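Presented below is the structure to which this report refers.
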Protein chains: 2
Amino acid sequence: MALRRPSGRDSMAAVRSDGPHPASSLAPVFDRAWAELAPIGRDPLTGGYDRSAWTTVDGELRAWFRAQAGTRGLRVEADRNGNQWAWWGTPGPGAIVTGSHLDSVPGGGAYDGPLGVVSAFLAIDDLRERGITPVRPIAVVQFADEEGARFGVSCVGSRLMTGLLTPDGARGLRDADGITVAEAMDAAGVPPERIGRDDMALARIGAFVELHIEQGRALADLAAPIAIASGIWPHGRWRLTFHGTADHAGTTRLADRHDPMLPFAATVLAARREAERAGGLATFGKVVASPGAANAIGSGVEAWLDARAPDEGALAGLVQAIVAAAHEEGAPHGVCVAVVGESHTAAVTFDGPLRIRLQALLGDAPVLATGAGHDAGILAGAVPSAMLFVRNPTGVSHSPAEHADRADCLAGVLALADLLANLAC
Amino acid sequence: MALRRPSGRDSMAAVRSDGPHPASSLAPVFDRAWAELAPIGRDPLTGGYDRSAWTTVDGELRAWFRAQAGTRGLRVEADRNGNQWAWWGTPGPGAIVTGSHLDSVPGGGAYDGPLGVVSAFLAIDDLRERGITPVRPIAVVQFADEEGARFGVSCVGSRLMTGLLTPDGARGLRDADGITVAEAMDAAGVPPERIGRDDMALARIGAFVELHIEQGRALADLAAPIAIASGIWPHGRWRLTFHGTADHAGTTRLADRHDPMLPFAATVLAARREAERAGGLATFGKVVASPGAANAIGSGVEAWLDARAPDEGALAGLVQAIVAAAHEEGAPHGVCVAVVGESHTAAVTFDGPLRIRLQALLGDAPVLATGAGHDAGILAGAVPSAMLFVRNPTGVSHSPAEHADRADCLAGVLALADLLANLAC
């Protein structure tokens with residue numbers, strides 16, 4: 001096929017001009033799809049989103065997906081792991097697949113996930129407007145439970161599909177109310193006994209590309225609307241439990257205390273120091289103190305460490321240093337520390353030929369690595385995969401303040417459409 | 001009246017002997033009352049108690065109180081603030097009142113509160129066994145919501161009765177589920193519109209004495225079963241809110257973060273340092289991170305500081321130093337800190353004449369100050385009040401490991417009975 005636009009760089013320039021341009025007819029469709037998604041799971045006070053997997057809100061997101069596919073005459077299916085697919089053409093080998101996820105972290109933003117799904121539908125609209133009939137099937141996918149906010153493991157839908165997470169491992173995960181993944185899926189109408197590695201679904205994927213809002217501000221600093229992903233830092237989640245002794249806050253002498261909050265606090269500060277030293281990232285965003293009474297020394301503090309680094313060696317060293325600090329800080333207080341690795345995602349390098357093709361299409365778009373996990377990172381171990389990032393002016397992510405300008409979003413749609421046309425025709 | 005035992009010191013020695021002694025007939029009654037209380041609100045896994053105010057469990061505790069009073073032919077009443085009273089004799093001025101509370105912190109122990117109520121009933125049994133008919137009325141009281149674990153303010157029942165807490169101030173307090181005190185009281189059958197300062201109830205109290213398990217191990221170190229309280233350290237609760245910016249844990253550069261967990265952690269460590277310096281106590285036992293996702297930098301951390309010191313000046317200095325540290329640690333991260341004083345309990349010195357009378361009765365029982373708040377501390381501002389402490393061998397409090405030996409508990413009953421006999425006859 002012949003590309004309508006010789007390079008994505010030009011097309012992006014066109015989007016930013018004031019005159020008629022290829023994206024002009026997409027804008028109202030984009031706005032409509034976005035407006036229909038906007039109210040689902042939004043906290044009216046903060047503007048943040050609570051779109052956890054297998055909730056009522058998640059069901060509304062799935063209905064939105066079906067409606068978007070229906071409007072376009074795309075055939076919708078849910079696979080054995082609860083991932084949703086919308087097919088243009090007959091499902092089968094060599095399909096070009098694009099999409100992302102619709103769930104959010106608690107209090108998350110509008111773009112992380114949904115932008116990739118909306119853009120996928122819009123890219124199909126663009127191809128059709130251009131009169132393109134693909135030779136290969138094209139599918140839009142939305143992966144189940146990408147954020148892992150509810151059950152503590154991210155990318156559950158894609159991990160199950162690729163076999164990186166076992167069916168039993170997934171089914172037994174529990175949310176804060178003790179509800180298992182199996183129970184939650186069952187309640188949402190997805191039979192949990194059928195989950196697991198899905199070779200049939202995988203065999204159909206010729207290539208996967210995920211468009212995602214950038215989650216830092218590298219593109220803002222580079223004044224570029226679109227980037228191509230080189231890879232994903234290895235990263236993981238560790239649960240540290242500080243076992244102290246519950247006691248009265250008003251009567252227990254300082255020297256007699258086994259207060260788990262103190263070594264936890266020291267470990268938070270150590271994590272920051274060690275991350276700086278390793279050139280990586282370390283975050284404690286979740287902490288639960290037990291029993292959690294204001295007038296009692298806690299019996300325990302449970303804290304989750306999110307750690308990431310440019311390579312596996314650096315990550316291992318970083319986590320080791322933080323865990324060593326936790327033990328060292330606990331000892332003088334008589335506080336034991338238990339550490340459990342909850343998830344680990346290996347370093348990902350995206351498919352070379354796909355990346356070269358994207359670079360040819362998008363001209364001098366920057367190539368960036370990221371510290372964030374994505375379904376594309378999970379799929380990269382099984383099928384040729386790529387990612388596109390859309391500029392995020394403030395770099396803020398996982399927050400109601402997360403934002404991308406419409407012009408940049410439409411530039412993303414056109415870049416994605418160019419790649420689909422290039423691959424599927 | 002003539003005291004059966006010339007001094008409490010002797011009576012305690014008697015309790016510890018192997019032969020027949022005055023407490024021997026009390027032991028089975030004590031065991032029975034204790035056995036009936038034991039299962040109410042107990043977590044079968046940990047052995048800890050969850051006896052929050054105005055819950056179903058709290059209702060069961062109130063039923064136990066009515067049953068204990070009923071067995072003894074004591075007339076039960078609930079006052080306007082939900083405190084329960086059991087009267088021996090006609091309610092009226094000059095009454096000698098004893099008791100404590102039945103609620104617990106989450107995961108608390110069996111003795112903190114209930115020991116004072118059980119001992120009060122047993123002391124009446126002892127007086128009757130001795131054939132004593134008091135001239136003044138005697139009442140057993142159990143104060144509502146002493147721990148403040150559910151609604152964040154301690155001693156709600158006694159604070160309301162004495163006017164230290166206004167009706168509107170109490171009614172508007174909310175628990176973690178957003179339920180107000182007014183709604184919770186209403187659901188428990190106590191009309192919230194009637195709460196407030198209760199001059200009639202106060203006018204009846206000639207003296208109040210609260211027996212309580214010791215919450216440290218001073219008596220264990222002194223090898224004494226019973227202590228007399230001199231006073232209560234001034235103490236209070238402050239809520240510190242660290243306002244950061246929610247962001248992605250995997251993509252936000254360390255230098256770009258406004259992570260509220262870091263200054264919170266530094267403040268926890270500063271609080272310990274400052275408490276050591278001030279000869280006081282500072283504890284963070286409750287912390288809530290928002291939104292609380294493991295893969296997101298938090299938007300905020302809310303933490304509760306419990307601080308206590310030997311005098312008001314030392315307490316003010318301690319809190320000021322901790323708050324200054326919080327601001328100082330927040331600034332480099334762009335994290336603002338808001339501080340709200342949630343409660344303050346002034347220093348208490350217990351009634352001098354009552355203390356002298358107790359010292360005369362109990363011989364050389366140690367006299368101790370405590371850092372823990374009690375209903376007796378609240379009442380001390382309105383009526384002559386005193387406290388007795390019963391030895392706690394490990395000093396552990398607000399924990400399932402909290403314990404007092406039965407012999408010491410019975411020594412406490414006899415000491416309390418001696419005081420009642422001395423005051424009421």
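Every chain in the structure tokens takes a letter, A first, then B, and so on in the order presented; its residues are numbered from 1, and the ligands are numbered from 1 following the presented order.
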For this session: Could you list the residues in chain A lying within 8 Å of chain B, using only C-alpha atoms, and format the result as a ChimeraX atom specification?
Result: /A:105-107,149,152,215-216,237,245-254,261-262,264-266,268-269,276,281-298,304-308,370-373,395-399
Exercise. When DSSP works through the backbone of this structure, what residues of region 153-394 of chain A end up as helix (DSSP H, G or I), shown as a PyMOL selection string?
Worked result: chain A and resi 156-162+167-171+181-187+192-194+199-203+218-222+254-256+261-278+312-333+352-362+375-379
Exercise. What is the CA of Leu410 (chain B) to CA of Ser52 (chain B) distance in Å?
Worked result: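 Interatomic distance here is 27.0 Å.
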For this session: Identify all residues of region 264-399 of chain B in strand (DSSP E) (DSSP on the backbone) and supply them as an NGL selection string.
Result: :B and (281-290 or 296-297 or 300-308 or 336-345 or 348-349 or 367-370 or 385-390)
Problem set entry | Contacts of region 30-47 of chain A within 8 Å, only C-alpha atoms, excl. fewer than 6 positions in-chain, as a list in words | Val57, Glu60, Leu61, Trp64, Gln68, Gly107, Ala110, Val118, Leu122 and Pro400 of chain A
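The spacing separating CA of Gly169 (chain A) from CA of Asp145 (chain A) amounts to 14.6 Å.
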Problem set entry | Neighbour list for Ser230 (chain A) as an MDAnalysis selection string, cut-off 8 Å, only C-alpha atoms, skip fewer than 4 positions in-chain | chainID A and resid 349:350 355 367:369
For this session: Using only C-alpha atoms, find the one residue out of A:Ala326, A:Ala53, A:Val209, A:Ala223 that sits nearest to Ala187 (chain A).
Result: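 Answer, going by the shortest atom-to-atom distance: A:Ala53.
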Exercise. Can you list, as a ChimeraX atom specification, every protein, DNA or RNA residue that comes within 8 Å of region 190-202 of chain A when you count only C-alpha atoms, leaving out same-chain residues fewer than 4 positions away?
Worked result: /A:79-82,160-163,165-167,171,182-183,185-186,382-383
Output N, CA and C atoms of each residue in that selection to a file, as a PDB file, in the first residue's frame.
ATOM      1  N   ASP A  79     -12.149 -13.001  25.432  1.00  0.00           N
ATOM      2  CA  ASP A  79     -11.399 -14.266  25.435  1.00  0.00           C
ATOM      3  C   ASP A  79     -11.534 -14.939  26.806  1.00  0.00           C
ATOM      4  N   ARG A  80     -10.873 -16.077  26.976  1.00  0.00           N
ATOM      5  CA  ARG A  80     -11.039 -16.857  28.204  1.00  0.00           C
ATOM      6  C   ARG A  80     -10.594 -16.124  29.453  1.00  0.00           C
ATOM      7  N   ASN A  81      -9.725 -15.092  29.263  1.00  0.00           N
ATOM      8  CA  ASN A  81      -9.196 -14.364  30.413  1.00  0.00           C
ATOM      9  C   ASN A  81      -9.883 -13.022  30.643  1.00  0.00           C
ATOM     10  N   GLY A  82     -10.991 -12.828  29.916  1.00  0.00           N
ATOM     11  CA  GLY A  82     -11.763 -11.609  30.151  1.00  0.00           C
ATOM     12  C   GLY A  82     -11.266 -10.401  29.379  1.00  0.00           C
ATOM     13  N   LEU A 160      -2.081 -13.698  32.109  1.00  0.00           N
ATOM     14  CA  LEU A 160      -2.772 -14.987  32.002  1.00  0.00           C
ATOM     15  C   LEU A 160      -2.698 -15.494  30.560  1.00  0.00           C
ATOM     16  N   MET A 161      -2.981 -14.621  29.611  1.00  0.00           N
ATOM     17  CA  MET A 161      -3.012 -15.029  28.199  1.00  0.00           C
ATOM     18  C   MET A 161      -1.662 -15.613  27.765  1.00  0.00           C
ATOM     19  N   THR A 162      -0.569 -14.987  28.247  1.00  0.00           N
ATOM     20  CA  THR A 162       0.760 -15.434  27.826  1.00  0.00           C
ATOM     21  C   THR A 162       1.332 -16.510  28.741  1.00  0.00           C
ATOM     22  N   GLY A 163       0.599 -16.852  29.796  1.00  0.00           N
ATOM     23  CA  GLY A 163       1.076 -17.893  30.706  1.00  0.00           C
ATOM     24  C   GLY A 163       2.055 -17.397  31.755  1.00  0.00           C
ATOM     25  N   LEU A 165       1.294 -15.717  34.288  1.00  0.00           N
ATOM     26  CA  LEU A 165       0.593 -15.895  35.568  1.00  0.00           C
ATOM     27  C   LEU A 165      -0.228 -17.172  35.434  1.00  0.00           C
ATOM     28  N   THR A 166      -0.107 -18.052  36.424  1.00  0.00           N
ATOM     29  CA  THR A 166      -0.845 -19.320  36.345  1.00  0.00           C
ATOM     30  C   THR A 166      -2.308 -19.088  36.743  1.00  0.00           C
ATOM     31  N   PRO A 167      -3.198 -19.945  36.256  1.00  0.00           N
ATOM     32  CA  PRO A 167      -4.606 -19.790  36.615  1.00  0.00           C
ATOM     33  C   PRO A 167      -4.811 -19.816  38.134  1.00  0.00           C
ATOM     34  N   ARG A 171      -6.391 -16.858  40.383  1.00  0.00           N
ATOM     35  CA  ARG A 171      -7.685 -17.063  41.043  1.00  0.00           C
ATOM     36  C   ARG A 171      -7.634 -16.779  42.539  1.00  0.00           C
ATOM     37  N   ALA A 182     -11.158 -15.027  41.428  1.00  0.00           N
ATOM     38  CA  ALA A 182     -12.136 -16.005  40.932  1.00  0.00           C
ATOM     39  C   ALA A 182     -13.555 -15.547  41.230  1.00  0.00           C
ATOM     40  N   GLU A 183     -13.779 -15.106  42.468  1.00  0.00           N
ATOM     41  CA  GLU A 183     -15.123 -14.640  42.845  1.00  0.00           C
ATOM     42  C   GLU A 183     -15.523 -13.393  42.064  1.00  0.00           C
ATOM     43  N   MET A 185     -14.373 -12.348  39.099  1.00  0.00           N
ATOM     44  CA  MET A 185     -14.615 -12.651  37.680  1.00  0.00           C
ATOM     45  C   MET A 185     -15.966 -13.341  37.534  1.00  0.00           C
ATOM     46  N   ASP A 186     -16.217 -14.274  38.423  1.00  0.00           N
ATOM     47  CA  ASP A 186     -17.476 -15.019  38.382  1.00  0.00           C
ATOM     48  C   ASP A 186     -18.658 -14.053  38.482  1.00  0.00           C
ATOM     49  N   ALA A 382       6.050 -12.809  23.748  1.00  0.00           N
ATOM     50  CA  ALA A 382       5.353 -13.835  22.972  1.00  0.00           C
ATOM     51  C   ALA A 382       5.149 -13.454  21.512  1.00  0.00           C
ATOM     52  N   VAL A 383       4.949 -12.178  21.251  1.00  0.00           N
ATOM     53  CA  VAL A 383       4.682 -11.713  19.872  1.00  0.00           C
ATOM     54  C   VAL A 383       5.414 -10.412  19.620  1.00  0.00           C
TER      55      VAL A 383
END
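Note that the spacing between CA of Gly59 (chain A) and CA of Leu164 (chain A) amounts to 25.1 Å.
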Problem set entry | Residue contacts of Ser385 (chain B) (12 Å, only C-alpha atoms) excluding same-chain residues fewer than 2 positions away, as number ranges by chain | B: 96-99, 205-211, 228-232, 348-355, 357-358, 374-383, 387-388
For this session: May I have the residues within 10 Å of His101 (chain B) as a PyMOL selection string, using only C-alpha atoms and disregarding those fewer than 4 positions away in the same chain?
Result: chain B and resi 61+83-84+112-117+141-147+155+157+210+212+374-375
